[in-house]
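Data first, discussion second: the structure below is written as structure tokens.
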Amino acid sequence: MNFPFDFLPLTPASRHAGKACRLYETAFPECERRSTDAWLALMENEPAFHAMGVGTETIFSGFLTYWEMSGFVYVEHFAIVPEARGGGIGEHMMQQFRQAFPRVLLEAEPPTDELTQRRIAFYRRCGFEVSERPYLQPPYRRGEQPVPLVLMSTDAVWLEKHHEEVSRVLAERVYGVKRLDAYCKSE
């Protein structure tokens with residue numbers, strides 16, 4: 001299937017920025033995303049963070065955000081608009097993204113219901129494997145609890161060997177957490 005879509009740089013001033021913000025707010029629960037203002041600020045101020053729209057100059061179909069780290073690329077968020085889901089655009093875009101980067105990691109919700117099982121299956125079709133090691137997504141906001149997720153990677157052997165280091169790098173760079181235990185105190 002040939003898709004007329006591509007990745008386009010996404011900035012706060014982009015034509016599709018408003019649509020991307022609305023999708024970001026509806027596709028991810030609050031505990032799995034930063035504030036929209038903070039998200040937009042990352043686009044402008046963090047060189048390791050990249051935001052790409054999925055679509056054309058006139059059609060917005062979704063977005064993908066990622067961090068370039070030493071030794072791997074971490075996909076923080078990937079979402080396709082509801083009306084375009086199920087048509088193969090997401091899988092096509094993830095395959096295209098993977099061709100650009102040899103080692104890609106992401107977090108996903110554990111497969112506990114039909115929706116989360118479908119998400120895991122989607123990423124598996126795209127070449128990702130689930131790490132069996134426990135993983136907690138650090139909280140985006142002080143006072144919130146970490147979220148139990150799974151790490152998925154296109155290089156499972158490498159992730160198994162570097163799991164602790166990857167967890168630390170993600171906590172520090174992506175979530176701004178130096179000591180996870182300091183953020184996990186219950187009120």
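Chain identifiers are assigned as A, B, and so on, following the order in which chains appear in the structure tokens; residues are numbered from 1 within each chain, and ligands are numbered from 1 in order of appearance.
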What are the nearest atom pairs, with distances in Å to one decimal, for all residues of range 49-166 of chain A that come at most 10 Å from range 7-26 of chain A, using only C-alpha atoms, set out by chain and rising residue number as JSON lines?
{"residue": "A:His50", "atom": "CA", "partner": "A:Pro9", "partner_atom": "CA", "distance": 8.0}
{"residue": "A:Ala51", "atom": "CA", "partner": "A:Leu10", "partner_atom": "CA", "distance": 5.2}
{"residue": "A:Met52", "atom": "CA", "partner": "A:Pro9", "partner_atom": "CA", "distance": 4.6}
{"residue": "A:Gly53", "atom": "CA", "partner": "A:Leu8", "partner_atom": "CA", "distance": 5.0}
{"residue": "A:Val54", "atom": "CA", "partner": "A:Phe7", "partner_atom": "CA", "distance": 4.8}
{"residue": "A:Gly55", "atom": "CA", "partner": "A:Phe7", "partner_atom": "CA", "distance": 6.6}
{"residue": "A:Thr56", "atom": "CA", "partner": "A:Leu8", "partner_atom": "CA", "distance": 7.4}
{"residue": "A:Glu57", "atom": "CA", "partner": "A:Arg15", "partner_atom": "CA", "distance": 7.9}
{"residue": "A:Thr58", "atom": "CA", "partner": "A:Arg15", "partner_atom": "CA", "distance": 8.4}
{"residue": "A:Ile59", "atom": "CA", "partner": "A:His16", "partner_atom": "CA", "distance": 8.4}
{"residue": "A:Phe60", "atom": "CA", "partner": "A:His16", "partner_atom": "CA", "distance": 6.4}
{"residue": "A:Ser61", "atom": "CA", "partner": "A:Ala20", "partner_atom": "CA", "distance": 9.0}
{"residue": "A:Gly62", "atom": "CA", "partner": "A:Ala20", "partner_atom": "CA", "distance": 6.8}
{"residue": "A:Phe63", "atom": "CA", "partner": "A:Ala20", "partner_atom": "CA", "distance": 6.7}
{"residue": "A:Leu64", "atom": "CA", "partner": "A:Phe7", "partner_atom": "CA", "distance": 8.4}
{"residue": "A:Thr65", "atom": "CA", "partner": "A:Leu10", "partner_atom": "CA", "distance": 9.1}
{"residue": "A:His77", "atom": "CA", "partner": "A:Tyr24", "partner_atom": "CA", "distance": 8.3}
{"residue": "A:Phe78", "atom": "CA", "partner": "A:Tyr24", "partner_atom": "CA", "distance": 8.9}
{"residue": "A:Ala79", "atom": "CA", "partner": "A:Leu23", "partner_atom": "CA", "distance": 7.4}
{"residue": "A:Ile80", "atom": "CA", "partner": "A:Leu23", "partner_atom": "CA", "distance": 8.1}
{"residue": "A:Val81", "atom": "CA", "partner": "A:Leu23", "partner_atom": "CA", "distance": 6.8}
{"residue": "A:Pro82", "atom": "CA", "partner": "A:Leu23", "partner_atom": "CA", "distance": 9.0}
{"residue": "A:Met93", "atom": "CA", "partner": "A:Phe7", "partner_atom": "CA", "distance": 7.8}
{"residue": "A:Gln96", "atom": "CA", "partner": "A:Phe7", "partner_atom": "CA", "distance": 9.1}
{"residue": "A:Phe97", "atom": "CA", "partner": "A:Phe7", "partner_atom": "CA", "distance": 8.7}
What would the file look like if the residues just selected were written as an mmCIF file, in the first residue's frame with N, CA and C atoms?
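Contents of the output file out34.cif:
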data_model
loop_
_atom_site.group_PDB
_atom_site.id
_atom_site.type_symbol
_atom_site.label_atom_id
_atom_site.label_comp_id
_atom_site.auth_asym_id
_atom_site.auth_seq_id
_atom_site.Cartn_x
_atom_site.Cartn_y
_atom_site.Cartn_z
ATOM 1 N N HIS A 50 12.730 15.664 19.540
ATOM 2 C CA HIS A 50 12.256 15.962 18.192
ATOM 3 C C HIS A 50 10.771 15.625 18.092
ATOM 4 N N ALA A 51 10.027 16.472 17.432
ATOM 5 C CA ALA A 51 8.598 16.246 17.211
ATOM 6 C C ALA A 51 8.341 16.270 15.717
ATOM 7 N N MET A 52 7.661 15.223 15.251
ATOM 8 C CA MET A 52 7.359 15.113 13.831
ATOM 9 C C MET A 52 5.862 14.905 13.652
ATOM 10 N N GLY A 53 5.271 15.688 12.773
ATOM 11 C CA GLY A 53 3.883 15.461 12.405
ATOM 12 C C GLY A 53 3.830 14.341 11.385
ATOM 13 N N VAL A 54 2.733 13.633 11.360
ATOM 14 C CA VAL A 54 2.503 12.590 10.359
ATOM 15 C C VAL A 54 1.412 13.109 9.444
ATOM 16 N N GLY A 55 1.702 13.186 8.156
ATOM 17 C CA GLY A 55 0.690 13.660 7.217
ATOM 18 C C GLY A 55 1.317 14.347 6.023
ATOM 19 N N THR A 56 0.641 15.390 5.577
ATOM 20 C CA THR A 56 1.112 16.214 4.464
ATOM 21 C C THR A 56 1.007 17.662 4.918
ATOM 22 N N GLU A 57 1.326 18.571 4.049
ATOM 23 C CA GLU A 57 1.198 19.991 4.394
ATOM 24 C C GLU A 57 -0.252 20.356 4.727
ATOM 25 N N THR A 58 -1.206 19.645 4.148
ATOM 26 C CA THR A 58 -2.621 19.990 4.373
ATOM 27 C C THR A 58 -3.388 18.987 5.219
ATOM 28 N N ILE A 59 -2.861 17.781 5.397
ATOM 29 C CA ILE A 59 -3.569 16.739 6.156
ATOM 30 C C ILE A 59 -2.746 16.348 7.375
ATOM 31 N N PHE A 60 -3.344 16.423 8.558
ATOM 32 C CA PHE A 60 -2.688 15.991 9.791
ATOM 33 C C PHE A 60 -3.242 14.635 10.174
ATOM 34 N N SER A 61 -2.353 13.638 10.279
ATOM 35 C CA SER A 61 -2.781 12.286 10.634
ATOM 36 C C SER A 61 -2.235 11.819 11.974
ATOM 37 N N GLY A 62 -1.290 12.540 12.554
ATOM 38 C CA GLY A 62 -0.747 12.144 13.840
ATOM 39 C C GLY A 62 0.598 12.782 14.096
ATOM 40 N N PHE A 63 1.295 12.256 15.094
ATOM 41 C CA PHE A 63 2.621 12.767 15.423
ATOM 42 C C PHE A 63 3.456 11.679 16.086
ATOM 43 N N LEU A 64 4.760 11.911 16.104
ATOM 44 C CA LEU A 64 5.714 11.058 16.784
ATOM 45 C C LEU A 64 6.739 11.973 17.424
ATOM 46 N N THR A 65 7.011 11.764 18.725
ATOM 47 C CA THR A 65 8.069 12.516 19.388
ATOM 48 C C THR A 65 9.127 11.531 19.860
ATOM 49 N N HIS A 77 6.217 9.548 22.479
ATOM 50 C CA HIS A 77 4.787 9.472 22.149
ATOM 51 C C HIS A 77 4.607 9.266 20.648
ATOM 52 N N PHE A 78 3.623 8.462 20.301
ATOM 53 C CA PHE A 78 3.262 8.220 18.909
ATOM 54 C C PHE A 78 1.757 8.050 18.879
ATOM 55 N N ALA A 79 1.088 8.869 18.096
ATOM 56 C CA ALA A 79 -0.375 8.799 18.035
ATOM 57 C C ALA A 79 -0.857 9.120 16.625
ATOM 58 N N ILE A 80 -1.869 8.399 16.211
ATOM 59 C CA ILE A 80 -2.550 8.630 14.935
ATOM 60 C C ILE A 80 -3.974 9.078 15.270
ATOM 61 N N VAL A 81 -4.502 10.027 14.508
ATOM 62 C CA VAL A 81 -5.862 10.508 14.773
ATOM 63 C C VAL A 81 -6.846 9.344 14.652
ATOM 64 N N PRO A 82 -7.895 9.330 15.482
ATOM 65 C CA PRO A 82 -8.824 8.191 15.491
ATOM 66 C C PRO A 82 -9.367 7.815 14.115
ATOM 67 N N MET A 93 4.350 4.325 9.106
ATOM 68 C CA MET A 93 5.177 5.397 9.628
ATOM 69 C C MET A 93 6.214 4.859 10.615
ATOM 70 N N GLN A 96 8.947 3.242 8.666
ATOM 71 C CA GLN A 96 9.771 4.280 8.055
ATOM 72 C C GLN A 96 10.709 4.894 9.107
ATOM 73 N N PHE A 97 10.189 5.140 10.296
ATOM 74 C CA PHE A 97 10.993 5.692 11.379
ATOM 75 C C PHE A 97 12.126 4.729 11.750
#
DSSP alpha helix (DSSP H) residues within range 124-181 of chain A, as an NGL selection string:
:A and (124-125 or 156-169 or 180-181)
Could the residues in this selection be saved with C-alpha atoms as a PDB file, in the first residue's frame?
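Full text of result_23.pdb as output:
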ATOM      1  CA  ARG A 124       5.498  -6.286  17.715  1.00  0.00           C
ATOM      2  CA  ARG A 125       4.434  -6.121  14.043  1.00  0.00           C
ATOM      3  CA  ALA A 156      16.016  -6.953  22.926  1.00  0.00           C
ATOM      4  CA  VAL A 157      19.464  -8.403  23.630  1.00  0.00           C
ATOM      5  CA  TRP A 158      20.982  -4.926  23.936  1.00  0.00           C
ATOM      6  CA  LEU A 159      18.119  -3.726  26.150  1.00  0.00           C
ATOM      7  CA  GLU A 160      18.475  -6.715  28.470  1.00  0.00           C
ATOM      8  CA  LYS A 161      22.167  -5.928  28.876  1.00  0.00           C
ATOM      9  CA  HIS A 162      21.601  -2.168  29.382  1.00  0.00           C
ATOM     10  CA  HIS A 163      18.197  -2.112  31.135  1.00  0.00           C
ATOM     11  CA  GLU A 164      19.381  -0.359  34.318  1.00  0.00           C
ATOM     12  CA  GLU A 165      21.360   2.246  32.393  1.00  0.00           C
ATOM     13  CA  VAL A 166      18.448   2.888  29.994  1.00  0.00           C
ATOM     14  CA  SER A 167      16.032   3.280  32.924  1.00  0.00           C
ATOM     15  CA  ARG A 168      18.389   5.768  34.581  1.00  0.00           C
ATOM     16  CA  VAL A 169      18.955   7.774  31.379  1.00  0.00           C
ATOM     17  CA  LEU A 180      13.038   8.217  41.626  1.00  0.00           C
ATOM     18  CA  ASP A 181      12.386   7.443  45.294  1.00  0.00           C
TER      19      ASP A 181
END
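Between CA of Ala100 in chain A and CA of Tyr123 in chain A the separation is 16.5 Å.
A straight line drawn from CA of Glu68 in chain A to CA of Ala84 in chain A is 27.4 Å long.
Taking CA of Phe122 in chain A and CA of Glu91 in chain A as endpoints, the distance between them is 7.3 Å.
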Closest of A:Ala48, A:Leu115, A:Leu151, A:Cys31 to Arg173 in chain A, counting only C-alpha atoms, is A:Ala48
Those in chain A with strand (DSSP E) from DSSP, as JSON, numbers by chain = {"A": [6, 7, 8, 9, 49, 50, 51, 52, 53, 54, 55, 60, 61, 62, 63, 64, 65, 66, 67, 68, 69, 72, 73, 74, 75, 76, 77, 78, 79, 80, 104, 105, 106, 107, 108, 129, 130, 135, 136, 137, 147, 148, 149, 150, 151, 152, 153]}
